>>> print(open('upload_28.txt').read())   # compact mmCIF, C-alpha atoms
# COMPACT_ATOMS: atom_id res chain seq x y z
CA MET A 144 -18.85 -24.67 -66.37
CA THR A 145 -16.78 -21.61 -65.47
CA ARG A 146 -19.94 -19.60 -64.79
CA LEU A 147 -21.30 -22.35 -62.58
CA LEU A 148 -18.07 -22.47 -60.63
CA GLY A 149 -18.10 -18.67 -60.24
CA ALA A 150 -21.69 -18.77 -59.02
CA LEU A 151 -20.80 -21.42 -56.47
CA LEU A 152 -17.87 -19.33 -55.25
CA VAL A 153 -20.04 -16.21 -54.90
CA THR A 154 -22.63 -18.17 -52.93
CA ALA A 155 -19.96 -19.68 -50.69
CA ALA A 156 -18.41 -16.23 -50.09
CA GLY A 157 -21.79 -14.82 -49.13
CA LEU A 158 -22.43 -17.71 -46.76
CA LEU A 159 -18.99 -17.26 -45.21
CA ALA A 160 -19.55 -13.52 -44.74
CA GLY A 161 -22.83 -14.29 -42.98
CA LEU A 162 -21.19 -16.89 -40.75
CA LEU A 163 -18.39 -14.47 -39.82
CA ALA A 164 -20.86 -11.73 -38.94
CA ALA A 165 -22.86 -14.17 -36.79
CA GLY A 166 -19.60 -15.38 -35.18
CA GLY A 167 -18.76 -11.78 -34.28
CA LEU A 168 -22.08 -11.46 -32.47
CA ARG A 169 -21.45 -14.73 -30.60
CA GLU A 170 -17.93 -13.66 -29.64
CA ARG A 171 -19.15 -10.36 -28.24
CA ALA A 172 -21.82 -12.10 -26.17
CA GLU A 173 -19.22 -14.51 -24.82
CA ARG A 174 -16.69 -11.75 -24.10
CA LEU A 175 -19.26 -9.70 -22.20
CA ALA A 176 -20.27 -12.77 -20.20
CA GLU A 177 -16.60 -13.38 -19.27
CA LEU A 178 -16.10 -9.75 -18.28
CA GLY A 179 -19.27 -9.87 -16.18
CA ARG A 180 -17.94 -12.99 -14.44
CA MET A 181 -14.63 -11.22 -13.80
CA LEU A 182 -16.36 -8.21 -12.23
CA GLU A 183 -18.52 -10.52 -10.11
CA LEU A 184 -15.45 -12.35 -8.78
CA MET A 185 -13.65 -9.07 -8.10
CA GLU A 186 -16.64 -7.75 -6.19
CA PHE A 187 -16.85 -10.95 -4.14
CA GLU A 188 -13.12 -11.03 -3.31
CA LEU A 189 -12.96 -7.35 -2.37
CA SER A 190 -16.07 -7.27 -0.23
CA ARG A 191 -15.59 -10.67 1.43
CA PHE A 192 -11.82 -10.98 1.82
CA SER A 193 -10.41 -7.48 1.08
CA THR A 194 -7.97 -9.26 -1.22
CA PRO A 195 -5.05 -7.02 -2.26
CA LEU A 196 -5.29 -6.20 -5.98
CA PRO A 197 -2.00 -7.84 -7.03
CA THR A 198 -3.16 -11.10 -5.41
CA LEU A 199 -6.63 -10.70 -6.90
CA PHE A 200 -5.40 -10.26 -10.48
CA GLU A 201 -2.88 -13.07 -10.06
CA ARG A 202 -5.69 -15.34 -8.94
CA LEU A 203 -8.15 -14.27 -11.66
CA ALA A 204 -5.47 -14.52 -14.37
CA GLY A 205 -5.28 -18.23 -13.70
CA GLN A 206 -9.00 -18.66 -13.20
CA LEU A 207 -10.55 -16.83 -16.16
CA ALA A 208 -10.29 -17.60 -19.85
CA GLY A 209 -10.59 -15.49 -22.98
CA ASP A 210 -10.39 -11.71 -23.00
CA ALA A 211 -11.17 -11.39 -19.26
CA GLY A 212 -8.30 -13.73 -18.37
CA ALA A 213 -5.97 -11.82 -20.71
CA LEU A 214 -7.04 -8.53 -19.12
CA CYS A 215 -6.24 -9.90 -15.64
CA ARG A 216 -2.84 -11.14 -16.84
CA ARG A 217 -2.04 -7.69 -18.25
CA MET A 218 -3.09 -6.13 -14.92
CA ARG A 219 -0.99 -8.61 -12.95
CA ASP A 220 2.06 -7.73 -15.03
CA GLY A 221 1.29 -4.00 -15.15
CA LEU A 222 1.02 -3.72 -11.36
CA GLN A 223 4.76 -4.38 -11.18
CA GLU A 224 5.14 -0.80 -12.40
CA LEU A 225 2.94 0.74 -9.71
CA GLY A 226 4.64 3.87 -8.39
CA SER A 227 6.04 4.90 -11.74
CA ARG A 228 2.53 4.59 -13.23
CA THR A 229 -0.81 5.00 -11.48
CA LEU A 230 -3.27 2.15 -11.37
CA ALA A 231 -5.62 4.20 -13.60
CA ASP A 232 -2.89 4.30 -16.29
CA ILE A 233 -2.14 0.59 -15.93
CA TRP A 234 -5.85 -0.21 -16.15
CA ALA A 235 -6.35 1.99 -19.23
CA ALA A 236 -3.38 0.33 -20.96
CA ALA A 237 -4.67 -3.15 -20.08
CA LEU A 238 -8.06 -2.31 -21.61
CA GLU A 239 -6.61 -1.26 -24.94
CA ALA A 240 -6.89 -4.78 -26.36
CA LEU A 241 -10.68 -4.74 -25.87
CA PRO A 242 -13.18 -3.31 -28.39
CA PRO A 243 -14.07 0.38 -27.80
CA ALA A 244 -17.55 -0.29 -26.39
CA GLU A 245 -16.25 -2.69 -23.71
CA ARG A 246 -13.33 -0.34 -22.97
CA ARG A 247 -15.71 2.57 -22.37
CA MET A 248 -17.73 0.53 -19.87
CA LEU A 249 -14.70 -0.60 -17.85
CA LEU A 250 -12.49 2.50 -18.02
CA PRO A 251 -14.04 4.43 -15.05
CA LEU A 252 -13.09 1.58 -12.68
CA GLY A 253 -9.44 2.63 -12.97
CA GLN A 254 -10.21 5.77 -10.93
CA VAL A 255 -11.58 3.72 -8.01
CA LEU A 256 -9.75 0.39 -7.87
CA GLY A 257 -7.01 0.15 -5.25
CA ARG A 258 -7.38 3.69 -3.96
CA TYR A 259 -10.71 3.69 -2.15
CA GLY A 260 -12.19 1.56 0.62
CA ALA A 261 -13.67 -1.88 -0.08
CA GLU A 262 -17.25 -0.59 -0.01
CA GLU A 263 -16.63 2.21 -2.51
CA GLN A 264 -14.84 -0.22 -4.82
CA ARG A 265 -17.61 -2.77 -4.45
CA MET A 266 -20.21 -0.16 -5.43
CA ALA A 267 -18.19 0.92 -8.47
CA LEU A 268 -17.79 -2.72 -9.51
CA ALA A 269 -21.51 -3.36 -9.05
CA VAL A 270 -22.44 -0.36 -11.24
CA CYS A 271 -19.98 -1.51 -13.92
CA ARG A 272 -21.18 -5.11 -13.68
CA GLU A 273 -24.77 -3.97 -14.25
CA SER A 274 -23.87 -2.12 -17.44
CA VAL A 275 -21.83 -5.10 -18.66
CA ALA A 276 -24.73 -7.43 -17.82
CA ARG A 277 -27.13 -5.21 -19.79
CA ALA A 278 -24.77 -5.17 -22.76
CA ALA A 279 -24.34 -8.96 -22.47
CA ALA A 280 -28.13 -9.47 -22.51
CA GLU A 281 -28.45 -7.24 -25.57
CA ALA A 282 -25.61 -9.11 -27.27
CA ARG A 283 -27.28 -12.48 -26.57
CA THR A 284 -30.57 -11.19 -27.98
CA ALA A 285 -28.77 -9.82 -31.04
CA GLN A 286 -26.99 -13.12 -31.48
CA ARG A 287 -30.24 -15.08 -31.23
CA GLU A 288 -32.29 -12.77 -33.42
CA LYS A 289 -29.75 -11.62 -35.93
CA GLY A 290 -27.31 -14.50 -36.09
CA ARG A 291 -29.35 -16.87 -38.25
CA MET A 292 -30.84 -13.99 -40.19
CA LEU A 293 -27.37 -12.72 -41.11
CA VAL A 294 -26.32 -16.15 -42.36
CA GLY A 295 -29.58 -16.61 -44.27
CA VAL A 296 -29.64 -13.14 -45.83
CA SER A 297 -25.98 -13.31 -46.83
CA ALA A 298 -26.37 -16.75 -48.38
CA ALA A 299 -29.62 -15.77 -50.16
CA GLY A 300 -28.12 -12.51 -51.44
CA ALA A 301 -25.09 -14.33 -52.74
CA ALA A 302 -27.25 -16.97 -54.38
CA ALA A 303 -29.37 -14.28 -56.08
CA LEU A 304 -26.22 -12.62 -57.34
CA ALA A 305 -24.99 -15.96 -58.61
CA VAL A 306 -28.26 -16.51 -60.50
CA LEU A 307 -27.94 -13.09 -62.07
CA LEU A 308 -24.35 -13.81 -63.06
CA ILE A 309 -25.34 -17.10 -64.69
CA MET B 33 17.19 4.03 -1.44
CA ASP B 34 17.40 6.57 1.42
CA GLY B 35 14.41 7.60 3.52
CA PHE B 36 13.73 10.78 1.59
CA ALA B 37 13.82 8.90 -1.72
CA SER B 38 11.43 6.29 -0.27
CA ALA B 39 9.04 9.08 0.73
CA LEU B 40 9.36 10.73 -2.70
CA ALA B 41 8.53 7.45 -4.39
CA LEU B 42 5.02 7.67 -2.96
CA LEU B 43 4.26 11.06 -4.49
CA PRO B 44 2.46 11.68 -7.79
CA ALA B 45 4.71 13.13 -10.50
CA ARG B 46 3.74 16.79 -10.00
CA LEU B 47 4.35 16.78 -6.25
CA ARG B 48 7.46 14.63 -6.63
CA ARG B 49 9.02 17.20 -8.96
CA ALA B 50 8.34 19.97 -6.42
CA ALA B 51 9.84 17.96 -3.53
CA GLU B 52 12.85 16.99 -5.64
CA ALA B 53 13.67 20.69 -5.91
CA LEU B 54 14.67 20.70 -2.21
CA GLY B 55 18.43 21.06 -1.84
CA PRO B 56 20.63 18.39 -0.26
CA ASP B 57 20.76 20.22 3.10
CA SER B 58 16.98 20.46 3.27
CA ARG B 59 16.60 16.82 2.22
CA ALA B 60 19.01 15.78 4.95
CA ILE B 61 16.85 17.34 7.68
CA CYS B 62 13.42 16.79 6.12
CA GLU B 63 11.30 14.98 8.70
CA GLU B 64 7.98 14.89 6.98
CA LEU B 65 6.09 15.73 3.80
CA ARG B 66 2.57 16.92 4.44
CA LEU B 67 -0.22 16.97 1.88
CA ARG B 68 -3.48 18.72 2.68
CA ARG B 69 -6.34 18.73 0.21
CA GLY B 70 -6.79 22.15 -1.37
CA ARG B 71 -3.56 23.46 0.19
CA GLU B 72 0.05 23.66 -0.87
CA ALA B 73 2.21 20.61 -0.09
CA THR B 74 4.78 21.26 2.64
CA ALA B 75 8.01 19.80 3.95
CA GLN B 76 8.79 19.80 7.65
CA LEU B 77 12.35 20.96 8.14
CA GLY B 78 13.73 21.46 11.63
CA GLY B 79 10.29 21.42 13.18
CA CYS B 80 8.81 24.05 10.82
CA GLU B 81 6.67 23.55 7.72
CA PHE B 82 7.81 25.09 4.46
CA GLY B 83 5.68 25.29 1.31
CA LEU B 84 6.88 23.43 -1.77
CA GLY B 85 5.20 25.81 -4.23
CA THR B 86 2.90 23.14 -5.58
CA GLY B 87 -0.40 24.98 -5.51
CA PRO B 88 -3.42 23.14 -4.12
CA VAL B 89 -3.11 19.38 -3.61
CA THR B 90 -6.05 17.50 -5.15
CA GLU B 91 -7.99 14.55 -3.78
CA GLY B 92 -6.77 12.49 -6.73
CA GLU B 93 -3.17 13.15 -5.68
CA LEU B 94 -3.89 12.09 -2.10
CA ARG B 95 -5.50 8.91 -3.44
CA THR B 96 -2.49 8.23 -5.65
CA VAL B 97 -0.23 8.37 -2.58
CA LEU B 98 -2.49 5.89 -0.78
CA GLU B 99 -2.58 3.68 -3.87
CA THR B 100 1.22 3.56 -4.09
CA ALA B 101 1.73 3.20 -0.33
CA THR B 102 -0.62 0.23 -0.15
CA GLY B 103 0.37 -1.48 -3.41
CA ALA B 104 -3.03 -0.60 -4.92
CA SER B 105 -4.78 -2.21 -1.96
CA PHE B 106 -6.05 0.59 0.25
CA HIS B 107 -9.10 -1.56 1.00
CA ALA B 108 -6.84 -4.22 2.55
CA SER B 109 -5.24 -1.79 5.00
CA ALA B 110 -7.96 -1.72 7.66
CA GLN B 111 -5.70 -3.28 10.28
CA GLN B 112 -3.06 -0.62 9.72
CA LEU B 113 -5.61 2.17 9.57
CA ARG B 114 -6.84 1.21 13.03
CA ARG B 115 -3.50 2.55 14.22
CA GLY B 116 -4.15 5.73 12.22
CA PHE B 117 -1.38 5.30 9.66
CA LEU B 118 -0.07 3.04 6.93
CA SER B 119 3.36 1.44 6.71
CA ALA B 120 4.82 1.90 3.24
CA PRO B 121 7.94 0.38 1.70
CA GLY B 122 11.25 1.82 2.88
CA GLY B 123 10.07 2.27 6.47
CA VAL B 124 7.90 5.25 5.48
CA ARG B 125 4.88 5.91 7.65
CA VAL B 126 1.82 7.58 6.14
CA GLY B 127 -0.60 9.21 8.58
CA VAL B 128 -4.12 9.49 7.18
CA CYS B 129 -6.83 12.04 8.03
CA GLY B 130 -10.29 12.39 6.60
CA THR B 131 -13.76 11.10 7.37
CA ALA B 132 -13.32 7.91 9.34
CA VAL B 133 -15.41 4.83 8.64
CA TRP B 134 -15.79 3.39 12.12
CA GLY B 135 -16.51 -0.28 12.66
CA GLU B 136 -16.67 -2.66 15.62
CA ASN B 137 -12.88 -2.90 15.78
CA GLY B 138 -12.10 0.77 15.24
CA MET B 139 -11.29 2.72 12.08
CA GLU B 140 -11.83 0.50 9.04
CA SER B 141 -11.36 2.97 6.24
CA VAL B 142 -11.19 6.68 5.45
CA ARG B 143 -13.59 8.39 3.09
CA GLU B 144 -12.92 11.90 1.82
CA VAL B 145 -9.21 11.88 2.63
CA SER B 146 -8.25 15.38 3.75
CA SER B 147 -4.56 15.16 4.60
CA LEU B 148 -1.57 12.84 4.65
CA ALA B 149 1.61 13.05 6.71
CA ILE B 150 4.47 11.17 5.06
CA ARG B 151 7.12 10.58 7.70
CA VAL B 152 10.65 10.38 6.28
CA PRO B 153 12.54 7.54 7.95
CA ARG B 154 16.17 8.17 8.58
CA ALA B 155 19.12 6.20 9.82
CA VAL B 156 21.67 8.47 11.46
CA PRO B 157 24.72 6.33 12.15
CA GLY B 158 26.67 7.84 15.00
CA CYS B 159 23.77 9.77 16.51
CA ALA B 160 24.27 7.91 19.82
CA ASP B 161 28.03 8.55 19.96
CA GLY B 162 27.67 11.42 22.44
CA ILE B 163 25.76 9.36 25.00
CA TRP B 164 27.22 5.92 24.36
CA ALA B 165 29.66 5.95 27.28
CA GLU B 166 26.92 6.98 29.72
CA LEU B 167 24.41 4.59 28.23
CA THR B 168 26.68 1.58 28.53
CA ALA B 169 28.57 2.45 31.70
CA GLY B 170 28.92 -0.83 33.60
CA GLY B 171 27.32 -2.67 30.68
CA PHE B 172 24.10 -1.86 28.88
CA ALA B 173 21.14 -1.65 31.24
CA SER B 174 17.46 -1.27 30.35
CA ALA B 175 16.72 2.19 29.01
CA LEU B 176 13.68 4.24 28.08
CA LEU B 177 13.95 6.82 25.29
CA VAL B 178 11.55 9.73 25.69
CA ALA B 179 10.65 12.41 23.16
CA PRO B 180 7.59 14.17 21.72
CA PRO B 181 6.12 12.81 18.45
CA GLY B 182 8.58 13.31 15.60
CA GLY B 183 11.38 13.87 18.11
CA GLY B 184 13.70 11.18 16.79
CA LYS B 185 12.99 8.26 19.14
CA THR B 186 12.96 5.65 16.38
CA THR B 187 16.18 6.96 14.86
CA LEU B 188 18.01 6.81 18.21
CA LEU B 189 16.51 3.44 19.08
CA ARG B 190 17.63 2.00 15.74
CA GLU B 191 21.15 3.33 16.26
CA ILE B 192 21.38 1.90 19.79
CA VAL B 193 20.15 -1.46 18.48
CA ARG B 194 22.77 -1.37 15.72
CA ARG B 195 25.61 -0.56 18.11
CA LEU B 196 24.58 -3.08 20.74
CA SER B 197 24.32 -5.71 18.04
CA ARG B 198 27.78 -4.82 16.74
CA GLU B 199 29.15 -5.16 20.25
CA GLY B 200 27.85 -8.69 20.28
CA TYR B 201 24.57 -8.38 22.16
CA ARG B 202 21.83 -10.63 20.80
CA VAL B 203 19.06 -8.09 20.15
CA ALA B 204 15.45 -8.88 19.30
CA VAL B 205 13.30 -6.11 17.82
CA ALA B 206 9.51 -6.06 18.06
CA ASP B 207 8.94 -3.92 14.96
CA GLU B 208 5.18 -3.69 14.74
CA ARG B 209 5.12 -1.03 12.03
CA GLY B 210 8.34 -1.93 10.27
CA GLU B 211 9.79 1.49 11.07
CA ILE B 212 12.84 0.35 13.01
CA ALA B 213 14.33 -2.15 10.57
CA ASP B 214 11.95 -2.07 7.57
CA ALA B 215 12.28 -5.84 7.21
CA TRP B 216 8.98 -6.47 5.40
CA THR B 217 10.81 -8.37 2.68
CA GLY B 218 12.85 -10.41 5.17
CA GLU B 219 16.12 -8.53 4.95
CA PRO B 220 16.22 -5.31 7.00
CA ALA B 221 16.48 -2.21 4.81
CA PHE B 222 18.07 -0.33 7.72
CA ASP B 223 21.32 -1.51 9.27
CA VAL B 224 20.30 -2.90 12.65
CA GLY B 225 23.49 -4.87 13.23
CA PRO B 226 24.69 -8.42 12.69
CA CYS B 227 23.18 -9.98 15.84
CA THR B 228 19.66 -8.57 15.54
CA ASP B 229 16.49 -10.56 15.00
CA VAL B 230 13.43 -8.64 13.83
CA LEU B 231 9.78 -9.63 14.14
CA THR B 232 7.81 -7.32 11.85
CA GLY B 233 4.10 -6.65 11.79
CA ALA B 234 3.04 -8.34 15.04
CA PRO B 235 1.47 -6.29 17.85
CA LYS B 236 4.24 -5.34 20.30
CA ALA B 237 2.74 -7.07 23.33
CA GLN B 238 2.53 -10.40 21.49
CA ALA B 239 5.79 -9.87 19.63
CA VAL B 240 7.78 -9.43 22.84
CA GLY B 241 6.46 -12.75 24.18
CA LEU B 242 7.15 -14.54 20.89
CA LEU B 243 10.69 -13.16 20.67
CA LEU B 244 11.42 -14.14 24.26
CA ARG B 245 10.35 -17.72 23.63
CA ALA B 246 11.74 -18.11 20.14
CA MET B 247 14.94 -16.06 19.91
CA ASN B 248 16.52 -16.09 23.37
CA PRO B 249 17.47 -12.39 23.27
CA GLN B 250 19.79 -10.52 25.62
CA VAL B 251 18.17 -7.20 24.71
CA ILE B 252 14.63 -6.68 23.52
CA ALA B 253 13.70 -3.44 21.75
CA ALA B 254 10.30 -1.92 21.04
CA ASP B 255 9.16 1.50 19.85
CA GLU B 256 6.34 3.70 21.18
CA ILE B 257 5.21 1.85 24.27
CA GLY B 258 1.79 3.00 25.39
CA GLY B 259 -0.46 0.04 26.07
CA GLU B 260 -0.85 -1.87 29.32
CA GLU B 261 -0.34 -5.20 27.55
CA GLU B 262 2.90 -3.92 26.05
CA ALA B 263 4.13 -2.74 29.43
CA ALA B 264 3.21 -6.10 30.98
CA ALA B 265 5.12 -7.96 28.24
CA LEU B 266 8.22 -5.81 28.79
CA LEU B 267 7.97 -6.27 32.55
CA ALA B 268 7.84 -10.04 32.03
CA ALA B 269 10.89 -9.85 29.77
CA ALA B 270 12.83 -7.77 32.28
CA SER B 271 11.84 -10.15 35.08
CA GLY B 272 13.37 -12.93 33.02
CA GLY B 273 16.71 -11.15 32.91
CA VAL B 274 16.40 -9.63 29.45
CA ARG B 275 17.43 -5.99 29.10
CA VAL B 276 14.77 -3.75 27.64
CA LEU B 277 15.20 -0.87 25.23
CA ALA B 278 11.96 1.01 24.66
CA ALA B 279 10.74 4.39 23.47
CA ALA B 280 7.72 6.41 24.49
CA HIS B 281 6.10 9.77 23.84
CA GLY B 282 6.87 12.36 26.45
CA GLU B 283 8.61 15.60 27.19
CA ARG B 284 11.01 16.74 29.84
CA GLY B 285 8.97 18.32 32.60
CA GLY B 286 5.80 16.71 31.23
CA SER B 287 4.17 13.43 32.14
CA LEU B 288 4.57 9.98 30.58
CA ASN B 289 1.74 7.64 29.70
CA GLY B 290 0.45 5.41 32.50
CA PRO B 291 1.98 2.08 31.41
CA CYS B 292 5.43 3.68 31.06
CA ARG B 293 5.11 5.35 34.46
CA GLU B 294 4.30 1.92 35.87
CA LEU B 295 7.38 0.41 34.21
CA LEU B 296 9.51 3.18 35.71
CA ARG B 297 7.92 2.64 39.12
CA THR B 298 8.64 -1.08 39.05
CA GLY B 299 12.28 -0.36 38.29
CA VAL B 300 12.45 -2.02 34.87
CA PHE B 301 14.46 0.89 33.44
CA ARG B 302 17.83 1.88 34.86
CA ARG B 303 18.32 4.82 32.52
CA ARG B 304 16.15 7.34 30.75
CA VAL B 305 17.26 9.22 27.64
CA TRP B 306 15.60 12.55 26.96
CA ILE B 307 15.55 13.68 23.35
CA GLU B 308 15.06 17.35 22.63
CA ASN B 309 14.65 18.79 19.17
CA ARG B 310 15.77 22.39 18.87
CA GLN B 311 15.38 23.76 15.34
CA GLY B 312 16.12 20.39 13.81
CA ILE B 313 19.15 19.68 16.02
CA ARG B 314 18.62 16.82 18.43
CA ARG B 315 20.14 16.81 21.88
CA TYR B 316 20.27 13.74 24.06
CA ALA B 317 20.58 13.57 27.85
CA VAL B 318 20.99 10.37 29.86
CA GLU B 319 19.45 10.24 33.32
CA GLU B 320 20.34 7.50 35.80
CA LEU B 321 17.25 6.17 37.58
>>> encode(input="upload_28.txt", output="structure tokens")
Amino acid sequence: MTRLLGALLVTAAGLLAGLLAAGGLRERAERLAELGRMLELMEFELSRFSTPLPTLFERLAGQLAGDAGALCRRMRDGLQELGSRTLADIWAAALEALPPAERRMLLPLGQVLGRYGAEEQRMALAVCRESVARAAAEARTAQREKGRMLVGVSAAGAAALAVLLI
Amino acid sequence: MDGFASALALLPARLRRAAEALGPDSRAICEELRLRRGREATAQLGGCEFGLGTGPVTEGELRTVLETATGASFHASAQQLRRGFLSAPGGVRVGVCGTAVWGENGMESVREVSSLAIRVPRAVPGCADGIWAELTAGGFASALLVAPPGGGKTTLLREIVRRLSREGYRVAVADERGEIADAWTGEPAFDVGPCTDVLTGAPKAQAVGLLLRAMNPQVIAADEIGGEEEAAALLAAASGGVRVLAAAHGERGGSLNGPCRELLRTGVFRRRVWIENRQGIRRYAVEEL
């Protein structure tokens, strides 16, 4: 009875590990999609309305959810310190909560935002948006292809281990 | 915060440290900080430029100044750039040079910024003391202040506004660039007197008309008159019995711009004040017209 219970627990742990790994893939795909949406809105606001950055981040902070919304809220708050810190510093600090890969993609924007003309900023945003879109597409593919496989392999591996243990 | 401190606040840390090393006497007469890409930053003291020992100024540093001056919104400053400079907090004016991006309505942006001139605003209470009796003999009459660029027109105009206001005149200021009163936040950062109403940010020609209709002024003040529309608005104000206090670029012995000449010809101004800057010391002379 104890062995059977142990085997069940091992199988459940394996299944859970697989689900968590698949969830991580889904989260990354969603986060990249949100960041892409944020960059798209920034590009639109800057090129169409030349919206000042404090207004832009205030607006996006209320409009976007998840990590992108949190990033905009940190920027909105950080911009209060402009003058004692540069926008590049504020941007880098606001990105720290993101995973390293996403941070690397967005970091260069800090050197352009707020200090160049609308067209230069729009171009920088477009380049960044393209790399985020590529990463988002890869993440979706990974989620689709690897998500179920991860759950299946983890569960099967755990079940095999359980059989061996019994 | 005084004018020099407001100008310092725009500088990146390295340049700020160098400018902070200026002594109190130099700070008191500093008219401008000038940053040129690849060159040493300078301070203009008494009409001459002195190096601040910074080594070459980088493009990144120029961009940081623009970022701070515009609240991280250089792209939203096209309207200001059309006038060739930006208005920053504290009444600081930032002149911008570089490769102009020209659109249908004039300069829209500047690529490859090459130099910045950060004008230090300064209130000098008492600077009109020496001419006050002449200026107000028989009651204040419309006056034109004339000086070359950087000659101290705005400082004198602000002081005259403050004193007139303290004497009970209802003064309206058309402060297009926010340099006279720096009232962008609603409350003037400079003391312009208790009976002064300030309209900030509106083109002077339109602002004069709006102030006339809305604020019932006894004196209307405007800086740097140069456009025909501005001259026409001031002429209309004077025709309505309002006294006009205006400033324009010019030099004793030189010529004034056309619209100001026209205002003088039509007899709007009863007095002209010449401002001369000799090695940082300003001298004023009132001429009856």
>>> interface_residues(input="upload_28.txt", of="chain B", to="chain A", cutoff="9 Å", atoms="all atoms listed in the file", output="JSON list (two decimals) with C-alpha atoms, in the frame of the given file")
[["chain", "number", "residue", "atom", "x", "y", "z"],
["B", 41, "ALA", "CA", 8.53, 7.45, -4.39],
["B", 42, "LEU", "CA", 5.02, 7.67, -2.96],
["B", 43, "LEU", "CA", 4.26, 11.06, -4.49],
["B", 44, "PRO", "CA", 2.46, 11.68, -7.79],
["B", 45, "ALA", "CA", 4.71, 13.13, -10.50],
["B", 92, "GLY", "CA", -6.77, 12.49, -6.73],
["B", 95, "ARG", "CA", -5.50, 8.91, -3.44],
["B", 96, "THR", "CA", -2.49, 8.23, -5.65],
["B", 97, "VAL", "CA", -0.23, 8.37, -2.58],
["B", 98, "LEU", "CA", -2.49, 5.89, -0.78],
["B", 99, "GLU", "CA", -2.58, 3.68, -3.87],
["B", 100, "THR", "CA", 1.22, 3.56, -4.09],
["B", 101, "ALA", "CA", 1.73, 3.20, -0.33],
["B", 102, "THR", "CA", -0.62, 0.23, -0.15],
["B", 103, "GLY", "CA", 0.37, -1.48, -3.41],
["B", 104, "ALA", "CA", -3.03, -0.60, -4.92],
["B", 105, "SER", "CA", -4.78, -2.21, -1.96],
["B", 106, "PHE", "CA", -6.05, 0.59, 0.25],
["B", 107, "HIS", "CA", -9.10, -1.56, 1.00],
["B", 108, "ALA", "CA", -6.84, -4.22, 2.55],
["B", 109, "SER", "CA", -5.24, -1.79, 5.00],
["B", 110, "ALA", "CA", -7.96, -1.72, 7.66],
["B", 140, "GLU", "CA", -11.83, 0.50, 9.04],
["B", 141, "SER", "CA", -11.36, 2.97, 6.24],
["B", 142, "VAL", "CA", -11.19, 6.68, 5.45],
["B", 143, "ARG", "CA", -13.59, 8.39, 3.09]]
>>> residues_near_point(input="upload_28.txt", point="(3.9, 27.5, -3.9)", cutoff="10 Å", atoms="only C-alpha atoms", output="list in words")
Ala50, Arg71, Glu72, Ala73, Thr74, Phe82, Gly83, Leu84, Gly85, Thr86, Gly87 and Pro88 of chain B
>>> atom_distance(input="upload_28.txt", atom1="CA of Ala237 (chain A)", atom2="CA of Arg48 (chain B)")
25.4 Å
>>> closest_residue(input="upload_28.txt", among="A:Asp232, A:Glu273, A:Glu188, A:Glu245", to="Arg171 (chain A)", atoms="only C-alpha atoms")
A:Glu245
>>> residues_around(input="upload_28.txt", residues="Pro242 (chain A)", least_positions_apart="5", cutoff="12 Å", atoms="all atoms listed in the file", output="PyMOL selection string")
chain A and resi 167+170-171+174-175+210+237+247-250
>>> atom_distance(input="upload_28.txt", atom1="CA of Lys185 (chain B)", atom2="CA of Ala279 (chain B)")
6.2 Å
>>> atom_distance(input="upload_28.txt", atom1="CA of Glu262 (chain B)", atom2="CA of Cys227 (chain B)")
23.5 Å
>>> closest_residue(input="upload_28.txt", among="B:Val230, B:Cys129, B:Thr186, B:Ala60", to="Ala215 (chain B)", atoms="all atoms listed in the file")
B:Val230
>>> residues_around(input="upload_28.txt", residues="Glu81 (chain B)", least_positions_apart="3", cutoff="9 Å", atoms="all atoms listed in the file", output="MDAnalysis selection string")
chainID B and resid 64:66 74:78
>>> residues_around(input="upload_28.txt", residues="Tyr201 (chain B)", least_positions_apart="2", cutoff="10 Å", atoms="all atoms listed in the file", output="ChimeraX atom specification")
/B:172,193-199,203-204,225-228,249-251
>>> decode(input="upload_28.txt", residues="region 301-308 of chain A", atoms="N, CA and C atoms", output="PDB file, in the first residue's frame")
ATOM      1  N   ALA A 301       7.821   9.770 -14.985  1.00  0.00           N
ATOM      2  CA  ALA A 301       7.485   9.561 -13.578  1.00  0.00           C
ATOM      3  C   ALA A 301       6.788   8.217 -13.391  1.00  0.00           C
ATOM      4  N   ALA A 302       5.920   7.884 -14.340  1.00  0.00           N
ATOM      5  CA  ALA A 302       5.199   6.605 -14.242  1.00  0.00           C
ATOM      6  C   ALA A 302       6.168   5.433 -14.332  1.00  0.00           C
ATOM      7  N   ALA A 303       7.153   5.558 -15.266  1.00  0.00           N
ATOM      8  CA  ALA A 303       8.160   4.490 -15.419  1.00  0.00           C
ATOM      9  C   ALA A 303       8.950   4.311 -14.121  1.00  0.00           C
ATOM     10  N   LEU A 304       9.311   5.465 -13.523  1.00  0.00           N
ATOM     11  CA  LEU A 304      10.045   5.418 -12.271  1.00  0.00           C
ATOM     12  C   LEU A 304       9.218   4.745 -11.174  1.00  0.00           C
ATOM     13  N   ALA A 305       7.922   5.073 -11.206  1.00  0.00           N
ATOM     14  CA  ALA A 305       7.016   4.494 -10.210  1.00  0.00           C
ATOM     15  C   ALA A 305       6.959   2.986 -10.364  1.00  0.00           C
ATOM     16  N   VAL A 306       6.884   2.522 -11.643  1.00  0.00           N
ATOM     17  CA  VAL A 306       6.836   1.086 -11.905  1.00  0.00           C
ATOM     18  C   VAL A 306       8.101   0.429 -11.369  1.00  0.00           C
ATOM     19  N   LEU A 307       9.222   1.042 -11.647  1.00  0.00           N
ATOM     20  CA  LEU A 307      10.496   0.511 -11.166  1.00  0.00           C
ATOM     21  C   LEU A 307      10.537   0.427  -9.633  1.00  0.00           C
ATOM     22  N   LEU A 308       9.996   1.472  -9.017  1.00  0.00           N
ATOM     23  CA  LEU A 308       9.989   1.516  -7.551  1.00  0.00           C
ATOM     24  C   LEU A 308       9.122   0.436  -6.968  1.00  0.00           C
TER      25      LEU A 308
END
